[in-house]
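> Data: query-v2.txt, compact mmCIF, C-alpha atoms and all ligand atoms.
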```
# COMPACT_ATOMS: atom_id res chain seq x y z
CA MET H 137 19.20 -9.57 3.26
CA THR H 138 17.33 -10.49 0.12
CA ARG H 139 13.60 -9.85 0.20
CA ILE H 140 11.39 -12.81 -0.80
CA ILE H 141 7.84 -12.28 -2.05
CA HIS H 142 5.42 -15.18 -2.62
CA ILE H 143 3.28 -14.93 -5.74
CA SER H 144 0.89 -17.22 -7.62
CA LYS H 145 2.20 -20.20 -9.58
CA LEU H 146 0.32 -18.75 -12.57
CA TRP H 147 3.24 -16.36 -13.09
CA PHE H 148 5.62 -19.24 -13.81
CA ARG H 149 5.95 -21.61 -16.76
CA GLY H 150 7.65 -24.96 -17.10
CA GLY H 151 9.72 -26.00 -14.12
CA TYR H 152 10.52 -22.45 -13.04
CA TYR H 153 9.43 -21.44 -9.55
CA ALA H 154 11.44 -18.32 -8.68
CA ILE H 155 12.87 -15.22 -10.29
CA THR H 156 14.98 -12.43 -8.87
CA LEU H 157 14.18 -8.97 -10.15
CA PHE H 158 16.03 -5.88 -8.94
CA GLY H 159 17.30 -7.79 -5.92
CA VAL H 160 13.86 -9.07 -4.86
CA VAL H 161 13.06 -12.79 -5.12
CA PHE H 162 9.57 -13.67 -6.40
CA THR H 163 8.57 -17.29 -5.87
CA CYS H 164 5.50 -19.51 -5.85
CA GLU H 165 6.83 -21.98 -3.27
CA GLU H 166 8.89 -22.23 -0.10
CA LEU H 167 12.55 -22.07 -1.06
CA SER H 168 15.25 -24.24 0.48
CA PRO H 169 18.44 -22.56 1.77
CA THR H 170 20.17 -23.75 -1.43
CA GLU H 171 17.48 -22.19 -3.64
CA ILE H 172 17.60 -18.95 -1.66
CA ASN H 173 21.38 -18.90 -2.06
CA HIS H 174 20.96 -19.42 -5.83
CA GLU H 175 18.64 -16.42 -6.02
CA ARG H 176 20.92 -14.33 -3.79
CA ILE H 177 23.80 -15.02 -6.18
CA HIS H 178 21.60 -13.65 -8.99
CA ALA H 179 20.81 -10.63 -6.82
CA ALA H 180 24.57 -9.98 -6.43
CA GLN H 181 25.12 -10.38 -10.19
CA GLN H 182 22.28 -7.97 -10.93
CA ARG H 183 23.48 -5.38 -8.42
CA GLU H 184 27.04 -5.31 -9.74
CA LEU H 185 25.80 -4.95 -13.34
CA LEU H 186 23.36 -2.21 -12.32
CA TYR H 187 20.28 -4.34 -13.09
CA ILE H 188 19.17 -3.39 -16.63
CA PRO H 189 22.49 -4.37 -18.30
CA PHE H 190 22.22 -7.71 -16.43
CA TYR H 191 18.80 -8.47 -17.98
CA ILE H 192 19.94 -7.43 -21.47
CA TRP H 193 23.06 -9.59 -21.18
CA TYR H 194 21.07 -12.52 -19.70
CA VAL H 195 18.43 -12.54 -22.46
CA LEU H 196 20.98 -11.96 -25.23
CA GLU H 197 23.19 -14.78 -24.00
CA TRP H 198 20.18 -17.11 -23.66
CA PHE H 199 19.17 -16.27 -27.23
CA LEU H 200 22.68 -16.87 -28.62
CA LEU H 201 22.94 -20.16 -26.70
CA LEU H 202 19.53 -21.15 -28.04
CA LEU H 203 20.88 -20.67 -31.56
CA LYS H 204 23.81 -22.88 -30.62
CA TYR H 205 21.96 -25.68 -28.78
CA HIS H 206 18.42 -25.51 -30.24
CA ASN H 207 17.14 -26.35 -26.76
CA TRP H 208 15.70 -23.83 -24.26
CA THR H 209 16.70 -25.78 -21.16
CA LYS H 210 20.22 -26.57 -22.31
CA ALA H 211 20.71 -22.94 -23.33
CA TYR H 212 19.39 -21.79 -19.93
CA PHE H 213 21.85 -23.97 -18.02
CA HIS H 214 24.74 -22.59 -20.09
CA ILE H 215 24.03 -18.91 -19.35
CA ARG H 216 27.09 -17.73 -17.40
CA PHE H 217 24.94 -16.28 -14.59
CA GLU H 218 23.13 -19.60 -14.16
CA GLN H 219 26.40 -21.53 -14.28
CA GLU H 220 27.78 -19.47 -11.40
CA ALA H 221 24.54 -19.72 -9.41
CA TYR H 222 24.16 -23.49 -9.86
CA ARG H 223 27.85 -24.18 -9.26
CA HIS H 224 27.89 -22.33 -5.92
CA GLN H 225 24.30 -22.53 -4.68
CA GLU H 226 25.09 -25.19 -2.07
CA ASP H 227 27.98 -23.17 -0.67
CA ILE H 228 26.09 -20.92 1.75
CA GLY H 229 29.22 -18.85 2.48
CA TYR H 230 29.98 -18.29 -1.22
CA LEU H 231 28.64 -14.75 -1.42
CA LYS H 232 31.07 -13.61 1.28
CA ARG H 233 34.04 -14.81 -0.80
CA ARG H 234 32.64 -14.15 -4.25
CA LYS H 235 34.74 -12.00 -6.58
CA HIS H 236 32.93 -9.38 -8.64
CA TYR H 237 32.32 -10.05 -12.32
CA LYS H 238 33.52 -13.67 -12.17
CA TYR H 239 30.61 -15.64 -13.54
CA HIS H 240 31.78 -19.21 -13.25
ZN ZN D 1 19.16 -19.10 -11.69
```
Here is the file; what I need is its structure written in the form of structure tokens.

Amino acid sequence: MTRIIHISKLWFRGGYYAITLFGVVFTCEELSPTEINHERIHAAQQRELLYIPFYIWYVLEWFLLLLKYHNWTKAYFHIRFEQEAYRHQEDIGYLKRRKHYKYH
């Protein structure tokens, strides 16, 4: 089960309210089952990429998409890890069927 730790809202900017780091979810508010599932999908992505490569890939892809779209939010929503998480976040059983390394 994914560990959830509540922290101050001061740690977050913009509309962000949760982040998953090394399989642990840090959030400043109560998360809905859908939001928890979203973060658990990120935890699975991070685990299968052995964490550090995930963060490098995530930031690099965000940067390249920012060059393409010139918009932080649009770039964020196009990161492959976010696309998978948003697409399947409402499917609570998704993680049981999820195939490794398929980020869509
Ligand atoms: Zn996400």
> What do you get as a PyMOL selection string if you pick all residues at most 9 Å from ligand ZN 1 (chain D), counting only C-alpha atoms and all ligand atoms?
chain H and resi 154-156+171+174-175+177-178+212-213+217-222
> Please save C-alpha atoms of the selected residues as a short mmCIF file (atom, residue, chain, number, x, y, z; two decimals), in the coordinates of the input.

```
data_model
loop_
_atom_site.label_atom_id
_atom_site.label_comp_id
_atom_site.auth_asym_id
_atom_site.auth_seq_id
_atom_site.Cartn_x
_atom_site.Cartn_y
_atom_site.Cartn_z
CA ALA H 154 11.44 -18.32 -8.68
CA ILE H 155 12.87 -15.22 -10.29
CA THR H 156 14.98 -12.43 -8.87
CA GLU H 171 17.48 -22.19 -3.64
CA HIS H 174 20.96 -19.42 -5.83
CA GLU H 175 18.64 -16.42 -6.02
CA ILE H 177 23.80 -15.02 -6.18
CA HIS H 178 21.60 -13.65 -8.99
CA TYR H 212 19.39 -21.79 -19.93
CA PHE H 213 21.85 -23.97 -18.02
CA PHE H 217 24.94 -16.28 -14.59
CA GLU H 218 23.13 -19.60 -14.16
CA GLN H 219 26.40 -21.53 -14.28
CA GLU H 220 27.78 -19.47 -11.40
CA ALA H 221 24.54 -19.72 -9.41
CA TYR H 222 24.16 -23.49 -9.86
#
```
> Take the point (35.7, -18.3, -15.8) as written in the file and pick out every residue within 12 Å of it, counting only C-alpha atoms; give the list as an MDAnalysis selection string.
chainID H and resid 216:217 219:220 223 235:240
> List the spatial neighbours of region 184-188 of chain H as a compact mmCIF listing (two decimals) with C-alpha atoms, in the coordinates of the input - criterion: any atom at most 8 Å away, only C-alpha atoms, same-chain residues fewer than 3 positions off excluded.

```
# COMPACT_ATOMS: atom_id res chain seq x y z
CA PHE H 158 16.03 -5.88 -8.94
CA ALA H 180 24.57 -9.98 -6.43
CA GLN H 181 25.12 -10.38 -10.19
CA TYR H 191 18.80 -8.47 -17.98
CA ILE H 192 19.94 -7.43 -21.47
CA HIS H 236 32.93 -9.38 -8.64
CA TYR H 237 32.32 -10.05 -12.32
```
> If you take every atom of region 210-221 of chain H that the file lists and fit an axis-aligned box around them with 5 Å extra on each side, what centre and edge lengths come out in Å to one decimal, as lines of an AutoDock Vina configuration file?

```
center_x = 23.6
center_y = -21.4
center_z = -16.4
size_x = 18.4
size_y = 20.3
size_z = 23.9
```
> Between H:Glu197, H:Arg176, H:Val160, H:Ser168, which one has atoms that come closest to Lys232 (chain H), using all atoms listed in the file?
H:Arg176
> Using only C-alpha atoms, which residue out of H:Arg139, H:Ala211, H:His224, H:Tyr230 lies closest to Ala179 (chain H)?
H:Arg139
> Identify which of the residues H:Leu201, H:Leu196, H:Leu146, H:Leu231 lies closest to Cys164 (chain H), counting all atoms listed in the file when measuring atom-to-atom distances.
H:Leu146
> Determine the nearest neighbour of Lys145 (chain H) from the options H:Thr170, H:Gln182, H:Gln225, H:Thr163, counting all atoms listed in the file.
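Smallest separation from Lys145 (chain H) among the options: H:Thr163.
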> Interatomic distance between CA of Ile143 (chain H) and CA of Glu166 (chain H)?
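If I compute the distance from CA of Ile143 (chain H) to CA of Glu166 (chain H), I get 10.8 Å.
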> To one decimal place, how far is CA of Arg234 (chain H) from CA of Ile140 (chain H) in Å?
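We find that CA of Arg234 (chain H) and CA of Ile140 (chain H) lie 21.6 Å from each other.
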> If I take CA of Phe190 (chain H) and CA of Thr138 (chain H), how far is one from the other in Å, to one decimal?
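Straight-line distance from CA of Phe190 (chain H) to CA of Thr138 (chain H) works out to 17.5 Å.
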> Rank nothing, just name the residue among H:His142, H:Arg233, H:His214, H:Arg183 nearest to Val161 (chain H), using only C-alpha atoms.
H:His142
> From the list H:Gly229, H:Lys204, H:Glu165, H:Ile215, which residue is nearest Trp147 (chain H) when using only C-alpha atoms?
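Once distances to Trp147 (chain H) are computed over only C-alpha atoms, the minimum belongs to H:Glu165.
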